[in-house]
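J.: Mind having a look at this structure? Questions to follow.
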Amino acid sequence: MGILVIFLFLYYVACLAAASPNIPAVIVFGDSTVDTGNNNQVGTILRSNFRPYGRDFFGGRPTGRFCNGRLAPDFISQALGLPPLVPAYLDPEYSIEDFAKGVCFASAGTGLDNATSDVLSVIPLWKEVEYFKEYRRRLQRYAGKAEAMRIVGEAVYIISIGTNDFLENYYLLVTGRFLQFTVEEYQDFLIDRAEEFLRAIYWLGARKISFTGLGAIGCVPLERTTNALAGGGCVEQYNKAARGFNVKLQELIGRLCATLPGLRLRYAPVYDGLLHIIANPSSYGIENVDRGCCATGRFEMGYLCDELSPFTCPDASKYVFWDAFHPTEKVNWLMAKTTLETSLAEFI
């Protein structure tokens, strides 16, 4: 990410670690924005366990993270005095001893809508909850019931999901949802699914929860590319859908906090932050905002993000996006910092 950025992050981590109470674990649910490698173990073509993914990761190795390096939960974990990586639950290299300090159930390509996970045969959100149940049982056998319940109850939960419901489902016209619902009705449908999910993990013991709002989804390079006839700018229709969803998500958070005793569910805003980076790139040492670093950066992700492409940029820290859909490690760090300063602030 550059020497200065790394130095600033390590200084920030030291300050937080000195001030933070004992948070035993970071537990993650969601999609490719937070999937640290679960898709490596399922039968889907949506994978990133090959270079140049992971090019700037520890040891330069691909892990299944859709990024050149680390994701936001990794940075959050380190900032809380926990390990610098949050392991994927399905990764056979890790054990319950590792998962006791952090675990990721997320799956790239999934959504709040079960139909979204069917598009690319990835892990649906309900299955992530089933893995969480299994994790609790394993944790009890490993640490004892009292300690397991302490870990589950005191952990911070990171949730990032919803982008695929719009970009890989509703607007891609592949599941029929666009025939069933208007955009506003589909937002309501997704909010109902979010409520079901949040109630489920609440009754399983989750209390300190950060739910990340949608970013400016119309500004990812893939959507700009498809918007070429309109000049290649951000697709306002998609951004408007994201803003509408975010308003309804915040309303849901208010209702649940008012009705579920002890719930500390908070909203993590990233929409305005991402737009600010895009509008003011030089303030962040960024030079390119409209295409990804990998290959041409216009449409490639997954297997199309080819290590042999002569177009891949030499320095991803100068880009907002790594591939045509996902942010660079640098932007993930910036989003992690925002989360720590907003939705997680009261916990640290």
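Note on naming: chains are A, B, ... as they come in the structure tokens, residues start from 1 per chain, ligands start from 1 in the order shown.
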Would you write out, as a Markdown table, a table of all residues in segment 195-231 of chain A that have an atom no more than 9 Å from an atom of segment 255-261 of chain A, listing for each the closest atom pair and the distance in Å to one decimal, considering only C-alpha atoms and ordering rows by chain and rising residue number?
T.:
| residue | atom | partner | partner_atom | distance |
| --- | --- | --- | --- | --- |
| A:Glu195 | CA | A:Leu256 | CA | 8.1 |
| A:Leu198 | CA | A:Leu256 | CA | 8.7 |
| A:Arg199 | CA | A:Leu256 | CA | 8.3 |
| A:Tyr202 | CA | A:Leu260 | CA | 8.3 |
J.: Kindly save the residues from that selection, with C-alpha atoms included, as a PDB file, in the first residue's frame.
T.:
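Dumped everything to again15.pdb:
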ATOM      1  CA  GLU A 195     -34.337  -8.793   9.354  1.00  0.00           C
ATOM      2  CA  LEU A 198     -30.283 -10.487  11.980  1.00  0.00           C
ATOM      3  CA  ARG A 199     -32.895 -12.013  14.256  1.00  0.00           C
ATOM      4  CA  TYR A 202     -29.221 -12.442  17.568  1.00  0.00           C
TER       5      TYR A 202
END
J.: Can you pull out every residue within 12 Å of Gly43 of chain A, counting only C-alpha atoms, but drop anything in the same chain fewer than 6 positions away, and send it as number ranges by chain?
T.: A: 107, 118, 120-123
J.: Would you write out those residues with C-alpha atoms, as a CSV table (one decimal), in the first residue's frame?
T.:
chain,number,residue,atom,x,y,z
A,107,SER,CA,-19.2,-16.3,0.2
A,118,ASP,CA,-28.1,-19.6,-7.1
A,120,LEU,CA,-23.2,-18.7,-9.6
A,121,SER,CA,-23.8,-21.6,-7.2
A,122,VAL,CA,-22.3,-20.1,-4.1
A,123,ILE,CA,-23.1,-20.3,-0.4
J.: List every residue of segment 17-113 of chain A that DSSP, applied to the backbone of this structure, assigns to strand (DSSP E or B), and report them as a ChimeraX atom specification.
T.: /A:26-30,88,102-104
J.: Measuring between only C-alpha atoms, which one of A:Ala228, A:Glu251, A:Glu196, A:Glu97 shows the shortest distance to Ala143 of chain A?
T.: A:Glu97
J.: Go through A:Val331, A:Leu229, A:Ile23, A:Leu179 and flag the residue nearest Ala79 of chain A, using only C-alpha atoms for the distances.
T.: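 When distances to Ala79 of chain A are compared using only C-alpha atoms, the smallest one comes from A:Ile23.
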J.: Name all residues at most 8 Å from Thr63 of chain A (count only C-alpha atoms; drop same-chain ones fewer than 4 positions away) and give them as a list in words.
T.: Thr36, Gly37, Ser48, Asn49, Phe50, Tyr53 and Gly54 of chain A
J.: Using only C-alpha atoms, which of the listed residues (A:Arg150, A:Lys337, A:Lys133, A:Arg207) sits closest to Pro24 of chain A?
T.: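 Result for the nearest residue to Pro24 of chain A: A:Arg150.
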J.: Skip Pro87 of chain A itself and residues of its chain fewer than 2 positions away, then list as a PyMOL selection string all residues within 12 Å of it, counting only C-alpha atoms.
T.: chain A and resi 25-28+34-38+63-65+70-71+73-74+77+82-85+89-106
J.: From the set A:Phe299, A:Tyr271, A:Phe57, A:Phe211, which residue has the shortest atom-to-atom contact distance to Tyr157 of chain A, counting only C-alpha atoms?
T.: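 Answer, going by the shortest atom-to-atom distance: A:Phe211.
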J.: Determine, counting only C-alpha atoms, which protein, DNA and RNA residues have an atom within 12 Å of an atom of Phe325 of chain A; residues of the same chain fewer than 6 positions away are not included. Present the result as an NGL selection string.
T.: :A and (32-33 or 66-67 or 108-109 or 163-164 or 167-168 or 215-225 or 289-294 or 297-302 or 304-305)
J.: Give me a file of those residues, with C-alpha atoms, as a compact mmCIF listing (two decimals), in the first residue's frame.
T.:
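And here is the file that came out, again21.txt:
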# COMPACT_ATOMS: atom_id res chain seq x y z
CA SER A 32 -17.06 -11.06 -1.87
CA THR A 33 -16.33 -7.77 -0.13
CA PHE A 66 -11.07 -10.76 -4.30
CA CYS A 67 -8.31 -8.23 -3.89
CA ALA A 108 -18.44 -14.23 -2.91
CA GLY A 109 -21.49 -13.85 -5.14
CA THR A 163 -24.56 -5.52 -3.86
CA ASN A 164 -25.00 -8.81 -5.72
CA LEU A 167 -25.99 -6.14 -9.85
CA GLU A 168 -25.94 -9.94 -10.32
CA GLY A 215 -21.54 1.58 -1.62
CA ALA A 216 -21.93 3.51 -4.86
CA ILE A 217 -22.57 0.31 -6.81
CA GLY A 218 -23.16 2.17 -10.06
CA CYS A 219 -19.55 3.36 -10.02
CA VAL A 220 -17.77 0.00 -10.19
CA PRO A 221 -15.80 -0.26 -13.45
CA LEU A 222 -17.94 -3.08 -14.84
CA GLU A 223 -21.06 -0.93 -14.65
CA ARG A 224 -19.25 2.09 -16.08
CA THR A 225 -18.17 -0.08 -18.99
CA VAL A 289 -10.99 5.82 -10.31
CA ASP A 290 -12.88 4.43 -13.31
CA ARG A 291 -11.15 1.13 -14.08
CA GLY A 292 -9.47 -1.65 -12.15
CA CYS A 293 -5.79 -2.40 -11.89
CA CYS A 294 -6.06 -5.97 -13.15
CA GLY A 297 -9.84 -3.08 -15.60
CA ARG A 298 -13.01 -2.64 -17.62
CA PHE A 299 -14.81 -5.96 -17.22
CA GLU A 300 -12.40 -8.55 -15.81
CA MET A 301 -12.82 -10.30 -12.47
CA GLY A 302 -12.34 -13.89 -11.34
CA LEU A 304 -10.73 -13.14 -16.47
CA CYS A 305 -8.30 -11.34 -14.18
J.: State, in Å with one decimal place, the distance from atom CA of Phe178 of chain A to atom CA of Gly30 of chain A.
T.: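 If I compute the distance from atom CA of Phe178 of chain A to atom CA of Gly30 of chain A, I get 22.5 Å.
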J.: If you run DSSP over the backbone, which residues in segment 69-235 of chain A end up alpha helix (DSSP H)? Put them as a ChimeraX atom specification.
T.: /A:72-79,96-99,114-119,125-143,145-154,163-164,177-180,183-203,221-226
J.: Hey, what's within 12 Å of Asn246 of chain A if we count only C-alpha atoms and toss same-chain stuff fewer than 6 positions away? As a PDB file with C-alpha atoms, in the first residue's frame, please?
T.:
ATOM      1  CA  ILE A 161     -23.953  -7.936   1.719  1.00  0.00           C
ATOM      2  CA  GLY A 162     -26.522  -6.702  -0.822  1.00  0.00           C
ATOM      3  CA  THR A 163     -24.561  -5.519  -3.855  1.00  0.00           C
ATOM      4  CA  GLU A 184     -38.629  -0.185  -4.252  1.00  0.00           C
ATOM      5  CA  GLN A 187     -35.546  -3.184  -1.539  1.00  0.00           C
ATOM      6  CA  ASP A 188     -38.353  -4.034   0.898  1.00  0.00           C
ATOM      7  CA  LEU A 190     -34.271  -7.579   0.813  1.00  0.00           C
ATOM      8  CA  ILE A 191     -34.834  -5.671   4.058  1.00  0.00           C
ATOM      9  CA  ALA A 194     -31.996  -8.886   6.370  1.00  0.00           C
ATOM     10  CA  PHE A 211     -23.962  -3.826   9.102  1.00  0.00           C
ATOM     11  CA  THR A 212     -22.273  -2.162   6.143  1.00  0.00           C
ATOM     12  CA  GLY A 213     -24.512  -0.135   3.868  1.00  0.00           C
ATOM     13  CA  LEU A 214     -24.213  -0.438   0.102  1.00  0.00           C
ATOM     14  CA  GLY A 215     -21.537   1.579  -1.621  1.00  0.00           C
ATOM     15  CA  ALA A 216     -21.927   3.510  -4.860  1.00  0.00           C
ATOM     16  CA  ILE A 217     -22.567   0.315  -6.810  1.00  0.00           C
ATOM     17  CA  ASN A 239     -26.632   4.317  -7.120  1.00  0.00           C
ATOM     18  CA  LYS A 240     -30.172   5.491  -6.424  1.00  0.00           C
ATOM     19  CA  LEU A 252     -34.615  -1.563  10.160  1.00  0.00           C
ATOM     20  CA  ILE A 253     -31.626  -1.143  12.475  1.00  0.00           C
ATOM     21  CA  TYR A 267     -24.867   1.037  10.527  1.00  0.00           C
ATOM     22  CA  ALA A 268     -21.498   1.356   8.759  1.00  0.00           C
ATOM     23  CA  PRO A 269     -21.674   4.095   6.092  1.00  0.00           C
ATOM     24  CA  VAL A 270     -19.479   3.588   3.043  1.00  0.00           C
ATOM     25  CA  TYR A 271     -21.502   5.154   0.215  1.00  0.00           C
ATOM     26  CA  ASP A 272     -20.371   8.749   0.743  1.00  0.00           C
TER      27      ASP A 272
END
J.: Grab the atom CA of Glu128 of chain A to atom CA of Leu334 of chain A distance for me, in Å with one decimal place.
T.: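 Distance reported for this atom pair: 26.3 Å.
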J.: For the atom pair atom CA of Lys318 of chain A and atom CA of Val235 of chain A, what is the interatomic distance in Å to one decimal place?
T.: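 Computing it gives 22.8 Å between the two atoms.
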